[in-house]
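Notes follow once the structure below has been shown.
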Amino acid sequence: MTVENITALKEYFNLWLEAGEKAYAEVAFTEEYSRNFGGLVNALMGMRRELDGRGQSKITPVRAGSRDLDDFTLTPSIPPHILPMPPGFGGLSDTVPVEVGPSARDEVYREDKVRLYRYRPLADEPHAVPVLIVYALVNRPYIMDLQDGRSLIQGLLKAGLDVYLLDWGCPDEGDTGLTLDDYINRYLDNSVDAIWQRHGLDRINLLGVCQGGTFCLCYTALRQDKVANLVTSVTPVDFHTPRDLLSHLVRHVDMDLAVDTLGNIPGEFLNWLFLMLRPYKLTGKKYLDALDILDDSDRLATFMRMEKWIFDSPDQAGAACRQFARDFYQGNKLVKGEVEIGGNRVDLEAINIPVLNIFAANDHLVPVDASKALAGCVSSEDYTELELPGGHIGIYVGAGARETLPAAINDWIRAR
């Protein structure tokens, strides 16, 4: 086959994928699609319960998340049933290195499966008030330190900040009953205490990313006395904005049925839910585009690191997942002031410390409007917004944002 023929086939396939993506977007946002999606999930859960009741179930959820709590230097194969690569791509996981997490760090606190790490400062005298990065439960936090030159943590360290990271770990069957109260008022609060006790401070800085930002908002509203400055990044606040497809898809899912049936929600289930947001791009176009970098070892290694992270999803503790889906995605209770954590109401208006709210212009997971809603919720007189070009993850690992984001966070913190 000639180069011209291959190019023509690729261009045709690209057009087909783009057309499919546009057509899917028109259908996916309809109420009918949302009801039918929820109905499909609920039907599958019902079938699972019925089979379990008869002792006939042979359905075993696949644990896609890493079981090694310090899995930052391994080079594992990506299971072919988890990674939907076209034929020929799957073998790359055996030959292309996917080491992640280049920045040196030390474990300074642990509780159950949660680990708190302090990254070794790169400045002789780092900023006096440390920053705790709080990531989401649904993916592993090493995306914050993916590789040399594509690392938010590395950028913050080079800027002279003292950086900590909270690693939630990977829940197992013994963690089904963990609630948002456990994650926010116990694990997060105890980690904050561990940091300020080490430094002899009353308050520290919080940097919450995605769902971790939502957790930080809840924590700050409840324990503002322990937070000096709050940075939220690609953080959902209003979960019912018009172009929030993730919220739209889960609107009719029976979370009681799902959790009562499965216990913990398998990480692979969430992987496929995220793929449903942009199915043509995430299961087709990106692999088609990857054909152009097969001869570029550096770019191919970066691609494989991202693939490792995308599909390295821990299971979700059943009780916490149920509450987050029902109260935030389905009930949109955060902006209504109706969320309760540990028996206490989360009132975002109580937040009056400095807030920096960062969002991505092309974020398909957390639309800009979902993040910008924070401005109308907090009472802080020192509230700053920053919109960066790129997508939900691109602002952390994209070539154009490697210096921009760390510099913006550093400058904002030091100005206070």
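Note on naming: chains are A, B, ... as they come in the structure tokens, residues start from 1 per chain, ligands start from 1 in the order shown.
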For A:Pro171, please output as a ChimeraX atom specification all residues within 10 Å (counting only C-alpha atoms; exclusion window: fewer than 3 positions along the same chain).
-> /A:65,67,112-114,137,168,174-176,178,264-266,314-318
For A:Arg110, work out the shell of residues within 10 Å, counting only C-alpha atoms and skipping chain neighbours fewer than 5 positions away, then give it as an mmCIF file with N, CA, C and O atoms, in the first residue's frame.
data_model
loop_
_atom_site.group_PDB
_atom_site.id
_atom_site.type_symbol
_atom_site.label_atom_id
_atom_site.label_comp_id
_atom_site.auth_asym_id
_atom_site.auth_seq_id
_atom_site.Cartn_x
_atom_site.Cartn_y
_atom_site.Cartn_z
ATOM 1 N N ARG A 115 -1.862 7.643 52.394
ATOM 2 C CA ARG A 115 -0.471 8.021 52.593
ATOM 3 C C ARG A 115 -0.309 9.516 52.328
ATOM 4 O O ARG A 115 -0.872 10.059 51.371
ATOM 5 N N LEU A 116 0.484 10.153 53.165
ATOM 6 C CA LEU A 116 0.825 11.565 52.989
ATOM 7 C C LEU A 116 2.313 11.647 52.674
ATOM 8 O O LEU A 116 3.149 11.122 53.426
ATOM 9 N N TYR A 117 2.639 12.288 51.556
ATOM 10 C CA TYR A 117 4.028 12.409 51.117
ATOM 11 C C TYR A 117 4.474 13.868 51.139
ATOM 12 O O TYR A 117 3.702 14.772 50.778
ATOM 13 N N LEU A 166 -1.492 14.163 49.123
ATOM 14 C CA LEU A 166 -2.327 13.171 49.796
ATOM 15 C C LEU A 166 -2.711 12.082 48.803
ATOM 16 O O LEU A 166 -3.315 12.353 47.770
ATOM 17 N N ASP A 167 -2.311 10.845 49.105
ATOM 18 C CA ASP A 167 -2.625 9.686 48.262
ATOM 19 C C ASP A 167 -3.689 8.871 48.989
ATOM 20 O O ASP A 167 -3.429 8.295 50.048
ATOM 21 N N TRP A 168 -4.890 8.808 48.404
ATOM 22 C CA TRP A 168 -6.007 8.125 49.058
ATOM 23 C C TRP A 168 -5.834 6.604 49.079
ATOM 24 O O TRP A 168 -6.523 5.922 49.836
ATOM 25 N N TYR A 187 -9.488 11.535 57.205
ATOM 26 C CA TYR A 187 -8.220 11.409 56.477
ATOM 27 C C TYR A 187 -7.631 12.758 56.096
ATOM 28 O O TYR A 187 -6.441 13.025 56.317
ATOM 29 N N ASN A 190 -6.783 14.837 59.368
ATOM 30 C CA ASN A 190 -5.600 14.316 60.059
ATOM 31 C C ASN A 190 -4.319 14.597 59.283
ATOM 32 O O ASN A 190 -3.257 14.826 59.878
ATOM 33 N N SER A 191 -4.402 14.598 57.964
ATOM 34 C CA SER A 191 -3.230 14.920 57.152
ATOM 35 C C SER A 191 -2.851 16.389 57.297
ATOM 36 O O SER A 191 -1.662 16.736 57.384
ATOM 37 N N ALA A 194 -1.140 16.746 60.539
ATOM 38 C CA ALA A 194 0.223 16.222 60.507
ATOM 39 C C ALA A 194 1.196 17.234 59.907
ATOM 40 O O ALA A 194 2.347 17.352 60.349
#
Counting only C-alpha atoms, what is within 7 Å of A:Asn42, bar same-chain residues fewer than 3 positions away, as a VMD selection string?
-> chain A and resid 38 to 39 45 to 46 253 to 254
Excluding same-chain residues fewer than 2 positions from stretch 404-408 of chain A, what lies within 12 Å of it counting only C-alpha atoms, as a VMD selection string?
-> chain A and resid 144 149 to 161 163 207 231 233 356 to 360 384 to 390 393 to 402 410 to 415
Residues at most 9 Å from A:His364, counting only C-alpha atoms, excluding those fewer than 2 positions away in the same chain, as a ChimeraX atom specification?
-> /A:243-246,277-278,362,366-368,391-392
Selection from above, C-alpha atoms, as a CSV table (one decimal), in the first residue's frame, can you write it?
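Output saved as part16.csv:
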chain,number,residue,atom,x,y,z
A,243,ARG,CA,-22.8,21.0,29.0
A,244,ASP,CA,-21.9,18.7,31.9
A,245,LEU,CA,-22.3,15.3,30.2
A,246,LEU,CA,-21.0,13.3,33.1
A,277,LEU,CA,-18.2,11.2,27.3
A,278,ARG,CA,-16.3,11.3,24.1
A,362,ASN,CA,-11.7,23.0,26.8
A,366,VAL,CA,-15.7,19.8,34.3
A,367,PRO,CA,-17.1,22.6,32.1
A,368,VAL,CA,-15.9,26.1,32.7
A,391,GLY,CA,-8.3,20.3,28.7
A,392,HIS,CA,-9.0,18.7,32.1
A:Asp124, A:Glu403, A:Asp289, A:Glu99: which is nearest A:Glu11, counting only C-alpha atoms?
->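 Using only C-alpha atoms, A:Glu11 sits closest to A:Asp289.
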Every residue of stretch 25-58 of chain A that DSSP places in helix (DSSP H, G or I), as a list in words |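 Listing helix (DSSP H, G or I) positions across stretch 25-58 of chain A yields Ala25, Glu26, Val27, Ala28, Glu31, Glu32, Tyr33, Ser34, Arg35, Asn36, Phe37, Gly38, Gly39, Leu40, Val41, Asn42, Ala43, Leu44, Met45, Gly46, Met47, Arg48, Arg49, Glu50, Leu51, Asp52 and Gly53 of chain A.
A straight line drawn from atom CA of A:Ser371 to atom CA of A:Pro354 is 16.3 Å long.
Among A:Ala28, A:Asp260, A:Ala136, A:Lys308, the residue with the shortest atom-to-atom distance to A:Met276, counting only C-alpha atoms, is A:Ala28.
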DSSP-assigned strand (DSSP E or B) members of stretch 116-250 of chain A, reported as an MDAnalysis selection string | chainID A and resid 116:119 131:134 145:147 150:151 163:167 204:209 227:233
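The smallest atom-to-atom distance between A:Trp272 and any of A:Leu132, A:Leu9, A:Arg120, A:Val41, using only C-alpha atoms, is found for A:Val41.
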Expressed in Å to a single decimal, how great is the separation between atom CA of A:Asp238 and atom CA of A:Leu348?
-> 11.9 Å
How close does each residue of stretch 188-305 of chain A get to stretch 328-340 of chain A, giving the shortest atom pair and distance in Å to one decimal for every residue with an atom at most 8 Å away, counting only C-alpha atoms, sorted by chain and residue number, as a tab-separated table?
residue	atom	partner	partner_atom	distance
A:Val237	CA	A:Val335	CA	6.6
A:Asp238	CA	A:Val335	CA	5.9
A:Phe239	CA	A:Asn332	CA	5.5
A:His240	CA	A:Asn332	CA	6.4
A:Ser247	CA	A:Tyr329	CA	5.3
A:Val250	CA	A:Gln330	CA	7.2
A:Arg251	CA	A:Gln330	CA	5.2
A:His252	CA	A:Gln330	CA	8.0
For the selection you just gave me, I'd like the residues written to a file as a PDB file, in the first residue's frame, keeping all heavy atoms.
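Okay, this is what ended up in again29.pdb:
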ATOM      1  N   VAL A 237     -18.299  22.684  40.902  1.00  0.00           N
ATOM      2  CA  VAL A 237     -19.041  23.319  41.998  1.00  0.00           C
ATOM      3  C   VAL A 237     -20.542  23.228  41.712  1.00  0.00           C
ATOM      4  O   VAL A 237     -21.314  22.738  42.531  1.00  0.00           O
ATOM      5  CB  VAL A 237     -18.614  24.787  42.178  1.00  0.00           C
ATOM      6  CG1 VAL A 237     -19.413  25.450  43.295  1.00  0.00           C
ATOM      7  CG2 VAL A 237     -17.115  24.882  42.450  1.00  0.00           C
ATOM      8  N   ASP A 238     -20.933  23.697  40.532  1.00  0.00           N
ATOM      9  CA  ASP A 238     -22.311  23.524  40.069  1.00  0.00           C
ATOM     10  C   ASP A 238     -22.329  22.296  39.156  1.00  0.00           C
ATOM     11  O   ASP A 238     -21.741  22.304  38.078  1.00  0.00           O
ATOM     12  CB  ASP A 238     -22.763  24.768  39.307  1.00  0.00           C
ATOM     13  CG  ASP A 238     -24.226  24.697  38.870  1.00  0.00           C
ATOM     14  OD1 ASP A 238     -24.810  23.590  38.890  1.00  0.00           O
ATOM     15  OD2 ASP A 238     -24.772  25.751  38.487  1.00  0.00           O
ATOM     16  N   PHE A 239     -22.997  21.246  39.590  1.00  0.00           N
ATOM     17  CA  PHE A 239     -22.978  19.977  38.870  1.00  0.00           C
ATOM     18  C   PHE A 239     -24.118  19.853  37.851  1.00  0.00           C
ATOM     19  O   PHE A 239     -24.265  18.795  37.247  1.00  0.00           O
ATOM     20  CB  PHE A 239     -23.038  18.812  39.862  1.00  0.00           C
ATOM     21  CG  PHE A 239     -21.777  18.622  40.653  1.00  0.00           C
ATOM     22  CD1 PHE A 239     -21.463  19.476  41.710  1.00  0.00           C
ATOM     23  CD2 PHE A 239     -20.900  17.598  40.342  1.00  0.00           C
ATOM     24  CE1 PHE A 239     -20.299  19.293  42.445  1.00  0.00           C
ATOM     25  CE2 PHE A 239     -19.733  17.412  41.067  1.00  0.00           C
ATOM     26  CZ  PHE A 239     -19.433  18.264  42.121  1.00  0.00           C
ATOM     27  N   HIS A 240     -24.883  20.911  37.658  1.00  0.00           N
ATOM     28  CA  HIS A 240     -25.998  20.857  36.714  1.00  0.00           C
ATOM     29  C   HIS A 240     -25.902  21.930  35.645  1.00  0.00           C
ATOM     30  O   HIS A 240     -26.925  22.447  35.175  1.00  0.00           O
ATOM     31  CB  HIS A 240     -27.328  20.966  37.457  1.00  0.00           C
ATOM     32  CG  HIS A 240     -27.751  19.706  38.146  1.00  0.00           C
ATOM     33  ND1 HIS A 240     -28.975  19.554  38.766  1.00  0.00           N
ATOM     34  CD2 HIS A 240     -27.102  18.524  38.306  1.00  0.00           C
ATOM     35  CE1 HIS A 240     -29.053  18.331  39.283  1.00  0.00           C
ATOM     36  NE2 HIS A 240     -27.934  17.703  39.018  1.00  0.00           N
ATOM     37  N   SER A 247     -22.553  14.511  34.496  1.00  0.00           N
ATOM     38  CA  SER A 247     -23.717  14.642  35.370  1.00  0.00           C
ATOM     39  C   SER A 247     -24.985  14.193  34.659  1.00  0.00           C
ATOM     40  O   SER A 247     -25.849  13.531  35.242  1.00  0.00           O
ATOM     41  CB  SER A 247     -23.863  16.102  35.829  1.00  0.00           C
ATOM     42  OG  SER A 247     -25.064  16.281  36.548  1.00  0.00           O
ATOM     43  N   VAL A 250     -25.311  10.292  34.584  1.00  0.00           N
ATOM     44  CA  VAL A 250     -25.576   9.568  35.831  1.00  0.00           C
ATOM     45  C   VAL A 250     -26.859  10.026  36.518  1.00  0.00           C
ATOM     46  O   VAL A 250     -27.202   9.525  37.588  1.00  0.00           O
ATOM     47  CB  VAL A 250     -24.393   9.704  36.812  1.00  0.00           C
ATOM     48  CG1 VAL A 250     -23.115   9.213  36.176  1.00  0.00           C
ATOM     49  CG2 VAL A 250     -24.233  11.136  37.296  1.00  0.00           C
ATOM     50  N   ARG A 251     -27.576  10.953  35.886  1.00  0.00           N
ATOM     51  CA  ARG A 251     -28.753  11.537  36.526  1.00  0.00           C
ATOM     52  C   ARG A 251     -29.786  10.488  36.925  1.00  0.00           C
ATOM     53  O   ARG A 251     -30.471  10.628  37.945  1.00  0.00           O
ATOM     54  CB  ARG A 251     -29.371  12.570  35.576  1.00  0.00           C
ATOM     55  CG  ARG A 251     -30.258  13.638  36.222  1.00  0.00           C
ATOM     56  CD  ARG A 251     -29.453  14.645  37.005  1.00  0.00           C
ATOM     57  NE  ARG A 251     -28.401  15.312  36.241  1.00  0.00           N
ATOM     58  CZ  ARG A 251     -28.578  16.386  35.486  1.00  0.00           C
ATOM     59  NH1 ARG A 251     -29.793  16.898  35.346  1.00  0.00           N
ATOM     60  NH2 ARG A 251     -27.562  16.958  34.877  1.00  0.00           N
ATOM     61  N   HIS A 252     -29.928   9.425  36.117  1.00  0.00           N
ATOM     62  CA  HIS A 252     -30.976   8.437  36.379  1.00  0.00           C
ATOM     63  C   HIS A 252     -30.431   7.082  36.836  1.00  0.00           C
ATOM     64  O   HIS A 252     -31.163   6.098  36.847  1.00  0.00           O
ATOM     65  CB  HIS A 252     -31.832   8.250  35.120  1.00  0.00           C
ATOM     66  CG  HIS A 252     -32.557   9.492  34.699  1.00  0.00           C
ATOM     67  ND1 HIS A 252     -33.679   9.964  35.359  1.00  0.00           N
ATOM     68  CD2 HIS A 252     -32.303  10.392  33.704  1.00  0.00           C
ATOM     69  CE1 HIS A 252     -34.099  11.067  34.770  1.00  0.00           C
ATOM     70  NE2 HIS A 252     -33.282  11.351  33.771  1.00  0.00           N
TER      71      HIS A 252
END
Between A:Ala258, A:Ala320, A:Leu275, A:Ile353, which is the closest to A:Leu40 once you count only C-alpha atoms?
->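 Selected residue with least distance to A:Leu40: A:Ala258.
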List the neighbours of A:Val378 out to 6 Å using only C-alpha atoms; skip same-chain residues closer than 2 positions along the sequence, and give me the result as a list in words.
->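 Once the adjacent positions are removed, what remains is Leu348, Glu349, Ile351 and Ser380 of chain A.
Across the structure, atom CA of A:Gln147 and atom CA of A:Val100 are spaced 5.5 Å apart.
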Judged by only C-alpha atoms, the minimum distance to A:Glu307 among A:Cys216, A:Val346, A:Leu146, A:Ile184 is found for A:Leu146
